[in-house]
Each structure stands twice: as structure tokens, then as C-alpha cells.
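What follows is a set of notes on a single structure, which appears directly below.
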Amino acid sequence: MATRTVTNQQQLDSLIALLSERKQPFTVSITQGKKRSEDQNRTQRMWMLEAAEQLGTDTAEGFRGYAKLHFGIPILRAENEHFAAEYDAVIRPLPYEQKLRLMMVPFDFGVTRQMTTKQKTQYLDAVAAHFRGLGVVLTQPEDKQ
């Protein structure tokens, strides 16, 4: 499966040319927005490390799994019918502890990597609200510059 982000006419023309050369039948999915950014990924990792250091109740990976399950899954389920159906069929029936473990390494169920920049912003806003509510001081990306 190929994923392309189209942000200008040249990229759109290239995609149209690619599609016109494909043997039919085939299926195409289009998602509004673009993939999450590297800056968003760095912010997420930084905040998980800060939460682990300041709270001392879990590891950064544990907090990451918690955030994916509690904040990321609801965002994807609300905006992606296919994701919701697959998640509900396979993972939702599992006990909470198993779902939480699936969010973390070594399983690392793909949640945030499927997000658009808009969805990842929603996710990061929810993560920030949660951890700030617990008293964690989170570094803003601008603060690092």
C-alpha cells in the first residue's frame, strides 16, 4: 500500500498519473489532512519522559501506552469507521490490561502513526491536559528553542 501526501498541483498530477497506470480493479482511500509531523512525535516522547521523571509512578513507555489507549483510540474511532470496526472486533473485547499492553512495545499497536496532524494535535492537547492535571510541568516545543 502506498501513502502519498498531496500539498500542491505537481504532487496531484503525479498521483493522477500513477493511478491512471494502475491495473484495475483497485481500491483507493483518501484522508483529509497530512500525516503527523516529526515535531509532534518529538513532543510526545519528551512529554512521556517528563511525566515519568516527575511522577515516578510509571515508565515513559507505560505513560505512552496509557495515552494511546485513553486519548488516541477515541480520536481514531470517532473519525475512521474502518479503524473503529476493526478495533471493536479485535481489541475492544479484551481485558483492560491486555489492551494496555498492546499499546506498548513490543506490540506497539499503531495509533498515533495513523493520525493526521490535526488528530495528533487533538491527541497532544488531551495528553497535556491529563498530565498537567496531575501536576506535571510539560515543556512546550517553543520553550526548547
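Letters A, B, ... mark the chains of the C-alpha cells in the order given; residue numbers begin at 1 per chain; ligand numbers begin at 1, in order shown.
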
So which residues touch Val6 of chain A within 9 Å, counting only C-alpha atoms, skipping near sequence neighbours fewer than 4 positions away, as a list in words? Gln10, Gln11, Leu12, Leu15 and Lys34 of chain A

Compile the contact shell of segment 101-115 of chain A as a ChimeraX atom specification: residues with an atom at most 9 Å away, counting only C-alpha atoms, same-chain residues fewer than 6 positions apart removed. /A:34-36,41,61-62,64-69,72-73,75-76,91,123

Please produce a file of the residues just selected, as a PDB file, in the first residue's frame, where the atoms kept are N, CA and C atoms.
```pdb
ATOM      1  N   LYS A  34      -2.749  15.864   6.517  1.00  0.00           N
ATOM      2  CA  LYS A  34      -1.482  15.192   6.237  1.00  0.00           C
ATOM      3  C   LYS A  34      -1.018  14.462   7.475  1.00  0.00           C
ATOM      4  N   LYS A  35      -0.044  13.568   7.290  1.00  0.00           N
ATOM      5  CA  LYS A  35       0.442  12.736   8.387  1.00  0.00           C
ATOM      6  C   LYS A  35       1.029  13.593   9.500  1.00  0.00           C
ATOM      7  N   ARG A  36       1.006  13.039  10.695  1.00  0.00           N
ATOM      8  CA  ARG A  36       1.553  13.742  11.846  1.00  0.00           C
ATOM      9  C   ARG A  36       2.984  14.159  11.579  1.00  0.00           C
ATOM     10  N   ASN A  41       5.844  14.192  17.050  1.00  0.00           N
ATOM     11  CA  ASN A  41       6.377  12.949  17.625  1.00  0.00           C
ATOM     12  C   ASN A  41       7.391  13.245  18.722  1.00  0.00           C
ATOM     13  N   GLU A  61       7.306   4.644  28.587  1.00  0.00           N
ATOM     14  CA  GLU A  61       6.574   3.717  27.717  1.00  0.00           C
ATOM     15  C   GLU A  61       5.210   3.369  28.301  1.00  0.00           C
ATOM     16  N   GLY A  62       5.123   3.216  29.597  1.00  0.00           N
ATOM     17  CA  GLY A  62       3.841   2.950  30.245  1.00  0.00           C
ATOM     18  C   GLY A  62       2.871   4.104  30.076  1.00  0.00           C
ATOM     19  N   ARG A  64       3.043   6.291  27.677  1.00  0.00           N
ATOM     20  CA  ARG A  64       2.737   6.344  26.247  1.00  0.00           C
ATOM     21  C   ARG A  64       1.599   5.378  25.911  1.00  0.00           C
ATOM     22  N   GLY A  65       1.678   4.155  26.431  1.00  0.00           N
ATOM     23  CA  GLY A  65       0.615   3.174  26.199  1.00  0.00           C
ATOM     24  C   GLY A  65      -0.716   3.647  26.749  1.00  0.00           C
ATOM     25  N   TYR A  66      -0.687   4.214  27.954  1.00  0.00           N
ATOM     26  CA  TYR A  66      -1.902   4.740  28.572  1.00  0.00           C
ATOM     27  C   TYR A  66      -2.515   5.836  27.694  1.00  0.00           C
ATOM     28  N   ALA A  67      -1.675   6.762  27.232  1.00  0.00           N
ATOM     29  CA  ALA A  67      -2.175   7.874  26.421  1.00  0.00           C
ATOM     30  C   ALA A  67      -2.748   7.389  25.093  1.00  0.00           C
ATOM     31  N   LYS A  68      -2.083   6.420  24.465  1.00  0.00           N
ATOM     32  CA  LYS A  68      -2.605   5.887  23.206  1.00  0.00           C
ATOM     33  C   LYS A  68      -3.983   5.273  23.411  1.00  0.00           C
ATOM     34  N   LEU A  69      -4.120   4.493  24.474  1.00  0.00           N
ATOM     35  CA  LEU A  69      -5.385   3.812  24.727  1.00  0.00           C
ATOM     36  C   LEU A  69      -6.497   4.787  25.122  1.00  0.00           C
ATOM     37  N   GLY A  72      -5.770   8.441  22.198  1.00  0.00           N
ATOM     38  CA  GLY A  72      -5.605   8.187  20.772  1.00  0.00           C
ATOM     39  C   GLY A  72      -6.695   7.318  20.169  1.00  0.00           C
ATOM     40  N   ILE A  73      -7.011   6.235  20.840  1.00  0.00           N
ATOM     41  CA  ILE A  73      -8.049   5.320  20.326  1.00  0.00           C
ATOM     42  C   ILE A  73      -9.381   6.050  20.132  1.00  0.00           C
ATOM     43  N   ILE A  75      -9.988   9.147  19.474  1.00  0.00           N
ATOM     44  CA  ILE A  75      -9.890  10.059  18.333  1.00  0.00           C
ATOM     45  C   ILE A  75     -10.013   9.282  17.027  1.00  0.00           C
ATOM     46  N   LEU A  76      -9.259   8.196  16.898  1.00  0.00           N
ATOM     47  CA  LEU A  76      -9.315   7.411  15.655  1.00  0.00           C
ATOM     48  C   LEU A  76     -10.673   6.742  15.465  1.00  0.00           C
ATOM     49  N   ILE A  91      -9.885  -5.774  19.424  1.00  0.00           N
ATOM     50  CA  ILE A  91      -9.223  -5.325  20.652  1.00  0.00           C
ATOM     51  C   ILE A  91     -10.194  -4.933  21.756  1.00  0.00           C
ATOM     52  N   TYR A 123      -4.761  14.922  20.062  1.00  0.00           N
ATOM     53  CA  TYR A 123      -4.166  13.938  20.965  1.00  0.00           C
ATOM     54  C   TYR A 123      -3.214  14.623  21.940  1.00  0.00           C
TER      55      TYR A 123
END
```

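What separates atom CA of Gln9 of chain A from atom CA of Glu21 of chain A is a distance of 18.5 Å.
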
Ala126 of chain A surroundings by only C-alpha atoms, 10 Å radius, close-in-sequence under 3 positions cut, as a list in words: Ala67, His70, Phe71, Gly72, Lys120, Thr121, Gln122, Tyr123, Ala129, His130, Phe131 and Arg132 of chain A

Mind checking which residues fall within 9 Å of segment 51-57 of chain A, counting only C-alpha atoms, ignoring those fewer than 3 positions away in the same chain, and posting them as a ChimeraX atom specification? /A:46-48,60-63,131,134-138

Selection to disk with C-alpha atoms, as a short mmCIF file (atom, residue, chain, number, x, y, z; two decimals), in the first residue's frame:
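So selection.cif came out as:
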```
data_model
loop_
_atom_site.label_atom_id
_atom_site.label_comp_id
_atom_site.auth_asym_id
_atom_site.auth_seq_id
_atom_site.Cartn_x
_atom_site.Cartn_y
_atom_site.Cartn_z
CA MET A 46 9.50 14.47 25.53
CA TRP A 47 6.25 14.71 27.49
CA MET A 48 6.21 11.00 28.30
CA ALA A 60 7.68 6.76 29.72
CA GLU A 61 6.57 3.72 27.72
CA GLY A 62 3.84 2.95 30.24
CA PHE A 63 2.52 6.50 30.04
CA PHE A 131 -0.59 15.30 32.74
CA LEU A 134 -1.58 15.54 37.64
CA GLY A 135 0.87 18.38 38.30
CA VAL A 136 3.40 17.55 35.59
CA VAL A 137 5.25 20.53 34.16
CA LEU A 138 5.47 19.91 30.41
#
```
